[in-house]
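First comes the structure, then the notes that go with it.
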Amino acid sequence: MKDPYEVLGVPHGASEEEIKKAYRELARKYHPDNYANNPLADLAQEKMKEINEAYATLTKGSGGQSASPSYNGTYDTAGDSGVFAEVRRMIQMGDLDGAEAKLNGIANHSAQWYYLRGVIAQRRGWMDEAAQNFRIAVNMDPTNYEYRNAANSVGNGAYTYRQTQYGDSATDDLCSCCSSLMCLNCLCDCCR
Amino acid sequence: MFGYVLPRKDKLTEEENARYRAAYCGLCRSLKCHYGFRARFLVNYDMTFLYFLLSEGEPGQPERCSCPARPFCKKDCLPDDDSMTFAADLSVLLSYWKLRDAARDGGAFRSLAAKTCLLLYRKPYRRACGRQPEADRVFGEQLKKLNDLEDENCSSIDRAADAFASLLRACALYFPEGPTRRTAELLLYHVGRFLYLTDALEDLPRDNAAGSYNPLRYRYSLENGSLSGEDKKEFLETAEASISLAASALELLPVTADSGILRNIIYYGLPTVLHSVAAGTFRKPKRGKHQ
């Protein structure tokens, strides 16, 4: 097993507070939600396991396990009609071409049909086609949580780099400073 | 190459900045050592990024070398190790295939210039081919695919970008088969997709005026030769999704001494380039002017 301090990126003899902070940061970074529909989800899961184990070792099991993710990344296939369940299985096995061929053989283009086409595109990294298909699926069946979730996830990417500490890329310029001040000014005017 | 894969200099530490420059100069020197003087002109920032991705970040002492562009000053160069040589090999291959592409679609003058360069770089290309036959095969195959998509005026930006992204993915062949290669493949695929999309966005007004192929012309309905506000937002989202996916892969790569530079490029450099291209304010840095 790797050195747990090294896994968490803290120096030997770090305080419990430091360990906890490092753990939280890493757990947030490698959270399965960030890697949903990402071809590297299995690697992220492994990494998450390693981090959980390191944290459990360092805190001697107190609370380390409770923070481990319950997410297992599998599809809820209950209630699918036969052919769609088969397509979902093929996607999960990584046979994207086979799944696409199977979908193309279906004449009735339901919301689920578009959704699954979107999933195939997303797995390939074809985010524009994925977004288009998810949008159609949501329009056809606006109440479906799975479709809406997928449509939202594709817009800002699987790993939202903007949420990280690095993500102030294009916004930290003078213009945004001015525009925030202008907004603030408007708000002040409203209050009067 | 495109020259879009750049770091944000203001966010690099002093050491990182020095190391980045030394890698650029090292690549230039490696090109000269393996392919002769003319190959020095193929040095570019995109392949400097590739070097950092492949290298294990050993803090090898830079050597002082003379620079042909500045004859009186010596420059720090990172040593010509395996990853540097690989980056040099692929610089030659990619430049050659890019010239082939320009010779095919450029206007009369551009294609003549490209053909002349092809003659000039025939020998280095053959040598690079002998060293990296697998990469050369993938490059040829994917560019053929891209040319076919162009001929049929493909309206899917994903499919057009896929050909170029798959081409860049072949740069991960440096790693032995395993999780690291898989991770590097995803990273390079999305950097490639990002490059293709950004290039398409920058060339859109020119392609539209000249009537040449650009996937954005067929995917969106243009207003006065450029994207409408709504379409631009959608386009930026899909390009940013690639940056996100490249970042998700970067976080799974082993941490090296150069991880900071790679993070800077993906998290700061690529979004900055994308947004300045979208705003029409992007200027490519001059060769070797990274100060």
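We name chains A, B, ... following the order of the structure tokens; residues begin at 1 in each chain, and ligands are numbered from 1 as shown.
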
**OP:** Return the neighbours of chain A among the residues of chain B, cut-off 10 Å, counting only C-alpha atoms, as a PyMOL selection string.
**Re:** chain B and resi 8+11+156-159+161-162+165+179-180+182-183+186+189-190+193+234-249+251-253+263-264+266-276

**OP:** Tell me which protein, DNA and RNA residues are within 9 Å of Tyr35 (chain B), counting only C-alpha atoms, leaving out same-chain ones fewer than 3 positions away, and put them as an NGL selection string.
**Re:** :B and (30-32 or 38-40 or 88-89 or 92 or 123-125 or 127-128)

Emit the selected residues as a PDB file, in the first residue's frame, including C-alpha atoms.
```
ATOM      1  CA  SER B  30      16.445  18.534 -30.344  1.00  0.00           C
ATOM      2  CA  LEU B  31      14.878  19.243 -33.766  1.00  0.00           C
ATOM      3  CA  LYS B  32      18.232  20.474 -35.034  1.00  0.00           C
ATOM      4  CA  ARG B  38      15.825  23.499 -41.317  1.00  0.00           C
ATOM      5  CA  ALA B  39      13.774  21.529 -38.755  1.00  0.00           C
ATOM      6  CA  ARG B  40      14.391  24.280 -36.203  1.00  0.00           C
ATOM      7  CA  ALA B  88      10.603  16.503 -31.868  1.00  0.00           C
ATOM      8  CA  ASP B  89       9.663  13.451 -33.992  1.00  0.00           C
ATOM      9  CA  VAL B  92       8.108  16.943 -37.813  1.00  0.00           C
ATOM     10  CA  LYS B 123      13.970  14.175 -45.858  1.00  0.00           C
ATOM     11  CA  PRO B 124      13.210  15.018 -42.203  1.00  0.00           C
ATOM     12  CA  TYR B 125       9.725  13.586 -42.714  1.00  0.00           C
ATOM     13  CA  ARG B 127      13.385  10.015 -41.049  1.00  0.00           C
ATOM     14  CA  ALA B 128      10.570  10.822 -38.561  1.00  0.00           C
TER      15      ALA B 128
END
```

Subject >> Residues near Pro215 (chain B), cut-off 9 Å, only C-alpha atoms, skip fewer than 2 positions along chain, as a PyMOL selection string >> reply: chain B and resi 150+153-157+160-161+197+200+204+213+217-220

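Distances here use only C-alpha atoms; by that measure, the residue among B:Asp10, B:Asp101, B:Asp207, B:Glu177 closest to Gln142 (chain B) is B:Asp101.
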
**OP:** Kindly give the distance, in Å, that separates CA of Glu185 (chain B) and CA of Ile265 (chain B), rounded to a single decimal.
**Re:** 17.0 Å
